[in-house]
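J.: Quick one: structure below, then a few questions.
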Amino acid sequence: PPAVLYVRGRLPAFDEEIAVGVVGSRKPSAYGRWMAGKLGLELAQYGALLVSGIAQGLDTEALRGALRGGGAVVSVLGGGVDVPYPRENRWLYEDVAAHGALLSEYPPGTEHEGWHFPVRNRILSGLCLGVVAVECGWKSGTMSTVRQALDQDRDIFAVPGPVSSLLSEGPNRLIQQGAK
């Protein structure tokens, strides 16, 4: 576990929530964007707490969907809670902080660095009852989160996709291995 967590916004009582992580590619297909947004929206409408990163791509779409559905959201970051990443998601940082929380083990002012993301994945999966992989390659950051979730005995869910798409390789193989 992290030694300390920094929070911007309102931290929910995770033990009283149905927290579900939604993760996936930073460069998704149109199908992946639609599915992540739909999952975020429907999870929020049914009262689940959506947990994700806040990177471009599927994290962004899942968060947008959950916010449209009026749900609470938590984003686990790879940098300080005051350092928007990517910069174009500055508005999303504000929305997440207003309707949930930004969470990081890195102190304010810490820039997001590539090696921070695999480390933060253990927190993201650890806060959730289960993790949904929407679109990803077999060797990807999304699969890093899935592996952390498996180590933490969390449920794994996967969105099937076309067998011809490299972005379906991760979820389709997870389904073959027993993911819901």
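Labels used: A, B, ... for chains in the order of the structure tokens, numbers from 1 for residues in each chain, and numbers from 1 for ligands as shown.
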Where does DSSP see strand (DSSP E or B) in chain A, if you list the residues as a ChimeraX atom specification?

T.: /A:6-9,19-23,49-52,73-76,100-104,130-133,155-158

J.: As an MDAnalysis selection string, list the residues of stretch 80-143 of chain A assigned to helix (DSSP H, G or I) by DSSP on the backbone atoms of this structure.

T.: chainID A and resid 87:99 116:126 141:143

J.: Go ahead and write the residues just picked, N, CA and C atoms, as an mmCIF file, in the first residue's frame.

T.:
```
data_model
loop_
_atom_site.group_PDB
_atom_site.id
_atom_site.type_symbol
_atom_site.label_atom_id
_atom_site.label_comp_id
_atom_site.auth_asym_id
_atom_site.auth_seq_id
_atom_site.Cartn_x
_atom_site.Cartn_y
_atom_site.Cartn_z
ATOM 1 N N ARG A 87 -2.546 17.682 -20.622
ATOM 2 C CA ARG A 87 -2.980 19.079 -20.420
ATOM 3 C C ARG A 87 -4.375 19.343 -20.985
ATOM 4 N N GLU A 88 -4.705 18.683 -22.091
ATOM 5 C CA GLU A 88 -6.023 18.920 -22.695
ATOM 6 C C GLU A 88 -7.170 18.403 -21.821
ATOM 7 N N ASN A 89 -6.871 17.634 -20.778
ATOM 8 C CA ASN A 89 -7.917 17.155 -19.869
ATOM 9 C C ASN A 89 -8.073 18.026 -18.627
ATOM 10 N N ARG A 90 -7.542 19.244 -18.669
ATOM 11 C CA ARG A 90 -7.645 20.143 -17.504
ATOM 12 C C ARG A 90 -9.103 20.312 -17.056
ATOM 13 N N TRP A 91 -10.018 20.468 -17.998
ATOM 14 C CA TRP A 91 -11.441 20.628 -17.659
ATOM 15 C C TRP A 91 -11.977 19.363 -16.987
ATOM 16 N N LEU A 92 -11.501 18.191 -17.425
ATOM 17 C CA LEU A 92 -11.963 16.933 -16.835
ATOM 18 C C LEU A 92 -11.464 16.810 -15.395
ATOM 19 N N TYR A 93 -10.258 17.282 -15.115
ATOM 20 C CA TYR A 93 -9.747 17.308 -13.738
ATOM 21 C C TYR A 93 -10.719 18.062 -12.839
ATOM 22 N N GLU A 94 -11.171 19.219 -13.320
ATOM 23 C CA GLU A 94 -12.085 20.032 -12.515
ATOM 24 C C GLU A 94 -13.405 19.309 -12.279
ATOM 25 N N ASP A 95 -13.941 18.681 -13.321
ATOM 26 C CA ASP A 95 -15.214 17.945 -13.190
ATOM 27 C C ASP A 95 -15.079 16.758 -12.236
ATOM 28 N N VAL A 96 -13.991 16.011 -12.352
ATOM 29 C CA VAL A 96 -13.782 14.856 -11.473
ATOM 30 C C VAL A 96 -13.647 15.323 -10.024
ATOM 31 N N ALA A 97 -12.871 16.371 -9.791
ATOM 32 C CA ALA A 97 -12.711 16.883 -8.425
ATOM 33 C C ALA A 97 -14.041 17.382 -7.862
ATOM 34 N N ALA A 98 -14.894 17.928 -8.713
ATOM 35 C CA ALA A 98 -16.188 18.444 -8.254
ATOM 36 C C ALA A 98 -17.201 17.337 -7.973
ATOM 37 N N HIS A 99 -17.085 16.194 -8.665
ATOM 38 C CA HIS A 99 -18.068 15.115 -8.530
ATOM 39 C C HIS A 99 -17.486 13.842 -7.932
ATOM 40 N N HIS A 116 5.559 6.060 -13.465
ATOM 41 C CA HIS A 116 4.575 6.210 -12.394
ATOM 42 C C HIS A 116 3.302 5.416 -12.675
ATOM 43 N N PHE A 117 2.960 5.251 -13.940
ATOM 44 C CA PHE A 117 1.660 4.658 -14.274
ATOM 45 C C PHE A 117 1.545 3.185 -13.885
ATOM 46 N N PRO A 118 2.530 2.339 -14.183
ATOM 47 C CA PRO A 118 2.411 0.951 -13.713
ATOM 48 C C PRO A 118 2.351 0.865 -12.184
ATOM 49 N N VAL A 119 3.036 1.780 -11.502
ATOM 50 C CA VAL A 119 3.033 1.790 -10.040
ATOM 51 C C VAL A 119 1.647 2.189 -9.523
ATOM 52 N N ARG A 120 1.030 3.193 -10.138
ATOM 53 C CA ARG A 120 -0.283 3.655 -9.663
ATOM 54 C C ARG A 120 -1.389 2.635 -9.942
ATOM 55 N N ASN A 121 -1.161 1.716 -10.906
ATOM 56 C CA ASN A 121 -2.195 0.742 -11.259
ATOM 57 C C ASN A 121 -2.605 -0.134 -10.085
ATOM 58 N N ARG A 122 -1.702 -0.395 -9.155
ATOM 59 C CA ARG A 122 -2.044 -1.221 -7.998
ATOM 60 C C ARG A 122 -3.074 -0.517 -7.114
ATOM 61 N N ILE A 123 -3.009 0.805 -7.075
ATOM 62 C CA ILE A 123 -3.979 1.567 -6.278
ATOM 63 C C ILE A 123 -5.329 1.546 -6.976
ATOM 64 N N LEU A 124 -5.315 1.800 -8.279
ATOM 65 C CA LEU A 124 -6.552 1.810 -9.059
ATOM 66 C C LEU A 124 -7.295 0.486 -8.883
ATOM 67 N N SER A 125 -6.622 -0.634 -9.110
ATOM 68 C CA SER A 125 -7.291 -1.934 -8.990
ATOM 69 C C SER A 125 -7.629 -2.254 -7.542
ATOM 70 N N GLY A 126 -6.791 -1.834 -6.616
ATOM 71 C CA GLY A 126 -7.030 -2.128 -5.205
ATOM 72 C C GLY A 126 -8.261 -1.448 -4.635
ATOM 73 N N GLY A 141 -0.417 -1.141 -20.705
ATOM 74 C CA GLY A 141 -0.682 -0.626 -19.365
ATOM 75 C C GLY A 141 -1.985 -1.154 -18.803
ATOM 76 N N THR A 142 -2.967 -1.342 -19.664
ATOM 77 C CA THR A 142 -4.242 -1.899 -19.216
ATOM 78 C C THR A 142 -4.030 -3.287 -18.629
ATOM 79 N N MET A 143 -3.226 -4.101 -19.314
ATOM 80 C CA MET A 143 -2.965 -5.446 -18.810
ATOM 81 C C MET A 143 -2.166 -5.405 -17.513
#
```

J.: Quick one: everything within 7 Å of A:Pro28, counting only C-alpha atoms, minus sequence neighbours fewer than 3 positions away in the same chain. Send it as a PDB file with N, CA and C atoms, in the first residue's frame.

T.:
```pdb
ATOM      1  N   SER A  25      -7.191   1.412 -23.757  1.00  0.00           N
ATOM      2  CA  SER A  25      -6.208   2.052 -24.621  1.00  0.00           C
ATOM      3  C   SER A  25      -6.292   3.579 -24.612  1.00  0.00           C
ATOM      4  N   GLY A  32     -14.371   1.291 -29.194  1.00  0.00           N
ATOM      5  CA  GLY A  32     -13.872   1.350 -27.826  1.00  0.00           C
ATOM      6  C   GLY A  32     -14.327   2.603 -27.102  1.00  0.00           C
ATOM      7  N   ARG A  33     -14.275   3.741 -27.793  1.00  0.00           N
ATOM      8  CA  ARG A  33     -14.743   5.002 -27.191  1.00  0.00           C
ATOM      9  C   ARG A  33     -16.222   4.899 -26.814  1.00  0.00           C
ATOM     10  N   GLY A  57      -8.184   8.979 -24.308  1.00  0.00           N
ATOM     11  CA  GLY A  57      -8.667   7.681 -24.763  1.00  0.00           C
ATOM     12  C   GLY A  57      -9.784   7.147 -23.897  1.00  0.00           C
ATOM     13  N   LEU A  58      -9.686   5.881 -23.533  1.00  0.00           N
ATOM     14  CA  LEU A  58     -10.801   5.217 -22.870  1.00  0.00           C
ATOM     15  C   LEU A  58     -11.016   5.667 -21.437  1.00  0.00           C
ATOM     16  N   GLU A 135     -10.497  -2.039 -24.352  1.00  0.00           N
ATOM     17  CA  GLU A 135      -9.665  -2.325 -25.523  1.00  0.00           C
ATOM     18  C   GLU A 135      -8.213  -2.193 -25.102  1.00  0.00           C
TER      19      GLU A 135
END
```

J.: Would you mind listing what lies within 9 Å of A:Ala44 as a PyMOL selection string, with only C-alpha atoms counted and same-chain residues fewer than 2 positions away left out?

T.: chain A and resi 39-42+46-50+65-73

J.: Calculated over only C-alpha atoms, which of the candidates A:Val4, A:Leu129, A:Cys136, A:Leu77 has the smallest distance to A:Glu111?

T.: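 Nearest to A:Glu111: A:Leu77.
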
J.: Residues within 9 Å of A:Asn172, please, as a list in words. Count only C-alpha atoms; anything in the same chain fewer than 2 positions from it doesn't count.

T.: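 Final neighbour list, sorted by chain and number: Ala158, Val159, Pro160, Gly161, Pro162, Val163, Ser168, Glu169, Gly170, Leu174, Ile175, Gln176 and Gln177 of chain A.
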
J.: For a quick check of understanding, using only C-alpha atoms, which of A:Thr145, A:Thr110, A:Gln152, A:Gln56 has the smallest distance to A:Gly79?

T.: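 Among A:Thr145, A:Thr110, A:Gln152, A:Gln56, it is A:Thr110 that comes nearest to A:Gly79.
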
J.: Grab the atom CA of A:Val51 to atom CA of A:Gly21 distance for me, in Å with one decimal place.

T.: 4.5 Å

J.: With only C-alpha atoms as the atoms that count, which of A:Phe14, A:Tyr31, A:Tyr106, A:Trp138 lies nearest to A:Gly80?

T.: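 Result for the nearest residue to A:Gly80: A:Tyr106.
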
J.: Could you jot down the atom CA of A:Ala13 to atom CA of A:Leu127 separation for me, Å, one decimal place?

T.: 10.3 Å

J.: Compare A:Pro84, A:Arg147, A:Ser165, A:Glu61 by their minimum atom-to-atom distance to A:Gly109, counting only C-alpha atoms, and give me the closest one.

T.: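 Between A:Pro84, A:Arg147, A:Ser165, A:Glu61, the residue approaching A:Gly109 most closely is A:Pro84.
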
J.: Between atom CA of A:Leu103 and atom CA of A:Val76, measure the distance and give it in Å to one decimal.

T.: 4.8 Å

J.: Considering only C-alpha atoms, state which residue in the set A:Glu105, A:Ala62, A:Leu11, A:Ala179 is at the smallest distance from A:Val74.

T.: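 Under the stated criterion, the closest residue is A:Leu11.
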